[in-house]
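Have a look at the structure below, then the notes.
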Protein chains: 2
Amino acid sequence: MYRTNTCGELRIIDKEKKVTLAGWVQTVRKFGSISFVDLRDRYGITQLLFGEDMNQQLAETPLGREYVLQATGTVTERSNKNPSLPTGDIEINVSSFKILNRSAVPPFTIQDDTDGGDDLRMKYRFLDLRRNPVKNNIELRYAVNRAARNYLHRQNFIEIETPFLIKSTPEGARDFVVPSRMNPGQFYALPQSPQTFKQLLMISGYDRYYQVVKCFRDEDLRADRQPEFTQIDCEMAFAEQEDVLQMFEGMIKEIFKKIKGIKIKGKITRLTWEDAIRYYGNDKPDLRFDMKLTELKTIFSSKKRNLFKKEINESGFAVIKDAELVGAICVPGCSEYSRKQTDELTEWVKRPQIGMTGLIYVKCNTDGTLKSPVDKFFDESKLKSLAEKCKAKPGDLILILAGKEELTRKALSELRLEMAERLGLRKPDEFKLLWIFDFPLFEFNEEDNRYVARHHPFTSPKPEQIHLLDQPSQYANIKANAYDMVLNGNEIGGGSIRIYQRELQEKMFAALGMDKEEQQHKFGFLLGAFEYGAPPHGGIAFGFDRLCAILGGSESIRDFIAFPKNNAGRDVMLDAPSTIDDKQFDELQIKLNLKN
Amino acid sequence: MYRTNTCGELRIIDKEKKVTLAGWVQTVRKFGSISFVDLRDRYGITQLLFGEDMNQQLAETPLGREYVLQATGTVTERSNKNPSLPTGDIEINVSSFKILNRSAVPPFTIQDDTDGGDDLRMKYRFLDLRRNPVKNNIELRYAVNRAARNYLHRQNFIEIETPFLIKSTPEGARDFVVPSRMNPGQFYALPQSPQTFKQLLMISGYDRYYQVVKCFRDEDLRADRQPEFTQIDCEMAFAEQEDVLQMFEGMIKEIFKKIKGIKIKGKITRLTWEDAIRYYGNDKPDLRFDMKLTELKTIFSSKKRNLFKKEINESGFAVIKDAELVGAICVPGCSEYSRKQTDELTEWVKRPQIGMTGLIYVKCNTDGTLKSPVDKFFDESKLKSLAEKCKAKPGDLILILAGKEELTRKALSELRLEMAERLGLRKPDEFKLLWIFDFPLFEFNEEDNRYVARHHPFTSPKPEQIHLLDQPSQYANIKANAYDMVLNGNEIGGGSIRIYQRELQEKMFAALGMDKEEQQHKFGFLLGAFEYGAPPHGGIAFGFDRLCAILGGSESIRDFIAFPKNNAGRDVMLDAPSTIDDKQFDELQIKLNLKN
């Protein structure tokens with residue numbers, strides 16, 4: 001062993017002990033004839049004192065930043081204690097030392113606030129991983145992993161590894177494929193998720209399955225996606241939706257307790273998908289703040305929700321009159337926004353990413369008066385009625401958007417998040433969980449001009465709506481026994497109760513435009529398995545990278561992955577992907593067919 | 001929830017409780033107007049009693065094998081108890097039931113001794129997984145996984161996930177490759193092991209890393225190999241060989257204690273690679289029995305080991321005289337083998353798989369006399385001397401093989417195992433662990449006419465032999481700081497102390513025939529990392545599938561993998577690999593280039 005102790009463990013109680021430490025040189029400070037070296041390892045930093053003798057030796061073999069050093073000496077009490085360091089009461093009076101390895105000058109400083117840019121840090125990821133902020137993320141990830149495993153283990157879940165070299169069944173996302181040398185002309189696919197395997201395991205009677213597992217999707221990468229990502233994948237047999245929700249409420253609560261020391265009391269908020277859309281404009285609302293949407297007018301809504309329609313139409317305000325949806329949010333404490341500020345907000349909603357034609361606002365002054373640039377269209381009683389409808393309080397700023405239903409809802413949702421951001425309401429150390437359930441079974445894919453499964457083709461429709469599968473005109477109305485867990489505006493998990501009867505699964509595949517032959521080719525094994533006593537079952541998969549990022553107070557999953565890829569799917573450290581040898585092409589019996 | 005209890009948990013203490021169970025119909029037995037049903041789930045079997053009323057309903061909806069049944073009723077004491085079943089004191093007097101799903105007649109019986117052949121069971125793997133022997137294997141696998149994780153966690157190891165889409169650096173085994181759609185003409189490779197990543201993590205200061213991780217090798221599959229397999233992959237920084245050996249001795253001991261209830265006392269046996277070859281003819285000897293090889297003559301050996309050479313040559317026995325190696329084993333208790341038996345053994349060693357030209361034997365009779373068909377070549381004193389040399393005891397049968405050094409050693413090793421097998425000395429419930437160390441750094445690859453790394457190119461030579469890397473003629477003599485853990489004649493883990501200096505790594509690559517350009521292209525990231533303060537480090541990887549198989553008393557890893565592939569690398573259940581769509585070829589910009 002190169003050391004007797006780590007750089008994080010020695011305390012005043014160890015005084016007089018002879019110890020050997022090994023680690024990296026963080027800093028070297030010379031004071032006349034003596035030197036101090038901060039030695040760093042995974043566990044902390046310990047100060048080494050090089051007295052006159054040692055200092056002379058040091059002069060012959062000077063230390064640089066990130067040198068790997070082994071030092072033996074006696075634990076002594078520091079005259080100048082450092083209360084911000086756990087080892088700050090002591091130092092090691094070095095009696096001998098050895099440079100285990102030298103280091104070139106690192107391309108950026110190994111400090112919490114580094115001077116290295118993103119690209120440089122990705123290229124030298126092995127150095128970036130030395131920095132505390134990154135190390136803390138990696139350690140947090142392990143702690144979450146372990147908390148989840150321990151909870152699931154106690155609940156009788158068993159981890160079963162499912163294969164990585166499977167069959168390509170592209171449905172939704174693209175598969176990564178792997179040419180098979182032993183079966184020329186054929187390909188494996190990497191799993192987008194172990195979905196069908198975990199269902200087979202339920203059919204096999206394994207009852208409660210989990211796996212912390214890599215999954216693969218060959219998609220065009222948006223800002224915070226990775227081609228390979230990790231899921232906590234779970235499935236339960238003989239379970240109904242309520243059983244699954246309760247089980248994984250338990251898991252997330254345990255994770256919060258173990259990782260953040262936060263005890264979540266009571267049940268997690270539940271919202272139907274429809275209510276989420278209505279009140280927040282999207283299906284993964286951030287509930288760290290309120291600012292619900294008020295629908296002032298909507299062409300699709302029930303009578304009750306349209307009460308205001310008449311009044312608002314009578315205002316004669318064209319934008320509003322012709323809109324499919326008129327919606328508002330009340331932003332607390334912003335009634336004194338200046339003209340400049342409201343103009344800037346108007347520009348913000350008119351940006352192409354948001355796409356609104358304008359913004360109407362009503363200031364609810366603290367003196368009880370209401371002020372709006374559109375008061376020529378609304379008399380005071382109408383403004384008052386509008387403010388009441390929005391449940392506005394004095395000091396609030398009402399922001400109103402109008403336009404096409406879907407676009408406006410999305411814009412209101414974005415505006416809500418933007419205002420919360422500006423008001424500092426999206427605190428990284430505050431956590432709000434909720435369940436969204438009763439998702440639509442299908443969604444219409446404009447590009448392919450057909451319905452696709454919103455979750456996946458194995459999700460069960462509500463039992464009472466199964467008969468609607470015979471009526472394509474009703475597809476938009478069918479709800480699924482599907483649920484998402486949302487944390488601070490991010491989907492961290494999603495699942496469903498599954499189909500477990502062959503006939504229903506075939507009907508579902510057919511509804512998705514898959515003929516019998518394709519069904520058999522792609523999913524014959526699953527349809528076959530349903531014939532041999534498949535139990536009712538359901539499950540969930542958590543996006544492990546995302547969960548860790550949010551728990552770590554970050555929005556970027558990349559910071560929580562040891563060796564992530566960039567937006568082009570490249571590992572810039574490895575320089576992968578890369579070309580392969582002719583011999584490999586030859587053995588695999590494939591060749592390139594480049595388009596240009 | 002579909003059930004209040006599992007089929008394995010009810011006992012006499014639960015008498016009078018109203019319960020609901022759900023599971024699979026194992027058997028239905030009718031007795032006049034009542035029926036008994038054995039209901040099975042992951043946890044056990046419970047007997048259901050269908051009284052007259054229920055039985056009538058049952059007649060209308062008859063149950064078949066493997067039907068999924070939900071039954072509610074009262075726990076009652078059985079009149080006819082079944083002591084072989086944990087639930088055998090009770091039965092459920094059914095008051096209502098529901099068939100949750102039907103089952104076709106399974107293609108083989110779901111019983112410990114099934115009537116299904118291998119191919120059928122692989123195709124219907126989801127049914128085979130229901131059988132107790134397979135289920136026990138999968139559960140054992142999980143228990144081993146957990147025991148290893150818990151041990152490593154307590155020892156401050158941290159699990160860090162390494163990427164699956166990496167760079168192709170074929171060196172030894174073939175890579176599976178994955179075409180990159182976003183980087184046309186380029187390919188990822190699936191990792192053969194996380195070797196370079198775990199070394200980078202040591203350079204990053206993570207100190208103690210582990211991962212239970214899938215690895216991939218595109219090799220022609222021998223009987224018991226899988227293209228994807230699982231490793232318990234570990235690495236330690238600031239560690240010497242002795243530290244690694246002790247750490248993982250601790251792990252394997254804990255696994256034995258937790259899984260088999262076996263407390264392994266004292267240190268695990270250690271053998272140098274040279275001694276293993278000398279005494280057992282191979283580097284993963286089965287130590288459940290003795291039968292060491294005695295070298296009667298060897299051209300390569302030291303004087304001391306060749307003491308017998310003169311005598312044996314003087315025998316005038318040509319086969320022996322011309323042999324590079326003459327070796328013997330003493331098989332206990334076989335001195336009374338019949339002529340038929342020794343003839344059969346002779347045929348056995350002459351099979352092409354063994355390749356010997358013949359077998360010489362000496363019977364050490366219990367009366368102290370020696371008998372051999374070759375006593376015309378050996379006078380009695382020579383026979384006696386030979387028997388003494390072999391440390392033969394009365395009752396032993398000495399078996400002697402002679403021929404080319406390597407072939408004969410291998411043949412003796414096979415013969416040793418075969419005799420042990422015949423004598424019942426290879427007991428699946430007996431476990432003998434050992435370390436083999438001081439492996440050669442290189443081995444000569446006849447096919448490529450060059451030296452290759454015996455372990456891998458990152459293994460450190462013995463420090464005192466580093467200078468020999470400049471002398472190719474000495475390559476065969478260089479030993480490595482490399483070690484294997486062997487269990488019952490199988491390598492279950494292997495590792496080494498690694499190179500951590502750029503210059504030495506470059507020298508090693510060069511010795512393996514890799515020029516600077518190739519080094520930079522394939523391993524530039526690692527060579528670069530060595531420049532920034534790489535600590536001394538080493539590690540080990542356990543073959544998790546194999547470890548589980550041996551602990552489960554089996555030689556076949558396939559039985560311990562939920563969804564294994566066959567010898568052609570196919571998943572016959574999924575029918576994978578398979579063809580892919582034209583659209584996929586088009587997007588990936590590759591095409592087939594089939595040879596026929």
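If you're wondering about the labels, chains in the structure tokens are A, B, ... by order shown, residues count from 1 in each chain, ligands from 1 in order shown.
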Quick one: residues within 7 Å of Val37 of chain A, only C-alpha atoms, excluding same-chain residues fewer than 5 positions away - as a PDB file with C-alpha atoms, in the first residue's frame?
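Dumped to part17.pdb:
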ATOM      1  CA  VAL A  25      -0.281  18.421  -5.395  1.00  0.00           C
ATOM      2  CA  THR A  27      -0.705  24.031  -4.294  1.00  0.00           C
ATOM      3  CA  VAL A  28       2.867  24.688  -3.221  1.00  0.00           C
ATOM      4  CA  ARG A  29       3.553  27.716  -1.025  1.00  0.00           C
ATOM      5  CA  GLN A  47      -1.393  20.219   4.418  1.00  0.00           C
ATOM      6  CA  LEU A  48       2.163  18.962   4.255  1.00  0.00           C
ATOM      7  CA  LEU A  49       4.944  20.911   5.933  1.00  0.00           C
TER       8      LEU A  49
END
- Skip segment 403-417 of chain A itself and residues of its chain fewer than 3 positions away, then list as a list in words all residues within 8 Å of it, counting only C-alpha atoms. Ile277, Tyr280, Gly281, Asn282, Asp286, Met291, Leu293, Thr298, Val319, Ile320, Asp322, Ala323, Glu324, Leu325, Val326, Gly327, Ala328, Ile329, Val349, Ile354, Gly355, Met356, Ala420 and Glu421 of chain A
- Computed interatomic separation between atom CA of Tyr67 of chain B and atom CA of Lys565 of chain B (Å):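 Those two atoms sit 28.3 Å apart.
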- So how far away is atom CA of Leu345 of chain A from atom CA of Glu380 of chain A, in Å?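 Separation between atom CA of Glu380 of chain A and atom CA of Leu345 of chain A: 24.0 Å.
For the pair atom CA of Pro577 of chain B and atom CA of Val177 of chain A, the separation is 9.7 Å.
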- Message: When you look at Cys334 of chain A with a cut-off of 7 Å (counting only C-alpha atoms), what residues show up, excluding the ones that are within fewer than 3 positions of it in the same chain? I need them as a list of chain:residue names.
- Response: A:Val331, A:Tyr337, A:Gly395, A:Asp396, A:Leu397
Contacts between chain B and chain A, please, where a residue of chain A counts if it comes within 6 Å (with only C-alpha atoms); show its shortest atom pair and distance in Å to one decimal, rows by chain and ascending number, as CSV.
residue,atom,partner,partner_atom,distance
A:Met1,CA,B:Ala239,CA,5.2
A:Tyr2,CA,B:Phe238,CA,5.2
A:Arg42,CA,B:Gly205,CA,5.8
A:Glu66,CA,B:Gly533,CA,5.7
A:Tyr67,CA,B:Gly533,CA,5.2
A:Val68,CA,B:Gly533,CA,5.4
A:Asn101,CA,B:Gly533,CA,5.6
A:Arg102,CA,B:Gly533,CA,5.5
A:Ser103,CA,B:Tyr532,CA,4.1
A:Ala104,CA,B:Tyr532,CA,5.4
A:Phe126,CA,B:Ser204,CA,5.1
A:Leu127,CA,B:Ser204,CA,5.9
A:Leu129,CA,B:Ser204,CA,5.6
A:Arg130,CA,B:Ser204,CA,5.1
A:Ile166,CA,B:Ala576,CA,6.0
A:Lys167,CA,B:Ala576,CA,5.0
A:Val177,CA,B:Val178,CA,5.9
A:Val178,CA,B:Val178,CA,5.0
A:Gln186,CA,B:Ser578,CA,4.7
A:Phe187,CA,B:Pro577,CA,4.9
A:Tyr188,CA,B:Pro577,CA,4.5
A:Leu200,CA,B:Phe126,CA,6.0
A:Ser204,CA,B:Arg130,CA,5.1
A:Gly205,CA,B:Arg42,CA,5.8
A:Tyr206,CA,B:Arg42,CA,5.9
A:Phe238,CA,B:Tyr2,CA,5.2
A:Ala239,CA,B:Met1,CA,5.2
A:Glu240,CA,B:Met1,CA,5.8
A:Phe525,CA,B:Leu574,CA,5.9
A:Glu531,CA,B:Ser103,CA,5.4
A:Tyr532,CA,B:Ser103,CA,4.1
A:Gly533,CA,B:Ser103,CA,4.5
A:Leu574,CA,B:Phe525,CA,5.9
A:Ala576,CA,B:Lys167,CA,5.0
A:Pro577,CA,B:Tyr188,CA,4.6
A:Ser578,CA,B:Gln186,CA,4.7
A:Thr579,CA,B:Gln186,CA,4.7
A:Gln589,CA,B:Asn593,CA,4.8
A:Ile590,CA,B:Leu592,CA,4.3
A:Lys591,CA,B:Lys591,CA,5.4
A:Leu592,CA,B:Ile590,CA,4.3
A:Asn593,CA,B:Ile590,CA,4.6
A:Leu594,CA,B:Gln589,CA,5.1
- segment 386-388 of chain A surroundings by only C-alpha atoms, 9 Å radius, close-in-sequence under 4 positions cut, as JSON, numbers by chain: {"A": [296, 308, 312, 330, 362, 364, 370, 381, 382, 392, 393, 398]}
- Can you list, as number ranges by chain, all residues belonging to segment 56-176 of chain A that DSSP tags as alpha helix (DSSP H)? A: 56-60, 118-123, 125-128, 132-154
- Message: Counting only C-alpha atoms, which residue out of A:Pro191, A:Gly489, A:Gly494, A:Gly368 sits closest to Phe248 of chain A?
- Response: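 Under the stated criterion, the closest residue is A:Gly494.
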- Task: Extract, using only C-alpha atoms, all DNA, RNA and protein residues at most 10 Å from segment 338-342 of chain A, discarding same-chain residues fewer than 2 positions from it, and format them as number ranges by chain.
- Result: A: 334-336, 344-348, 359-361, 397, 399
- Item | All residues 8 Å or closer to Glu430 of chain B, only C-alpha atoms, same chain fewer than 3 positions away omitted, as an MDAnalysis selection string | chainID B and resid 288 426:427
Restricted to N, CA, C and O atoms, what would the selected residues look like written as a short mmCIF file (atom, residue, chain, number, x, y, z; two decimals), in the first residue's frame?
data_model
loop_
_atom_site.label_atom_id
_atom_site.label_comp_id
_atom_site.auth_asym_id
_atom_site.auth_seq_id
_atom_site.Cartn_x
_atom_site.Cartn_y
_atom_site.Cartn_z
N ARG B 288 -9.64 -29.25 -6.06
CA ARG B 288 -10.49 -30.07 -5.19
C ARG B 288 -9.89 -31.44 -4.95
O ARG B 288 -10.35 -32.20 -4.11
N ARG B 426 -14.68 -34.29 -8.46
CA ARG B 426 -15.03 -32.91 -8.85
C ARG B 426 -16.44 -32.60 -8.35
O ARG B 426 -17.39 -32.50 -9.12
N LYS B 427 -16.56 -32.49 -7.07
CA LYS B 427 -17.88 -32.31 -6.46
C LYS B 427 -18.37 -30.88 -6.64
O LYS B 427 -17.68 -29.93 -6.27
#
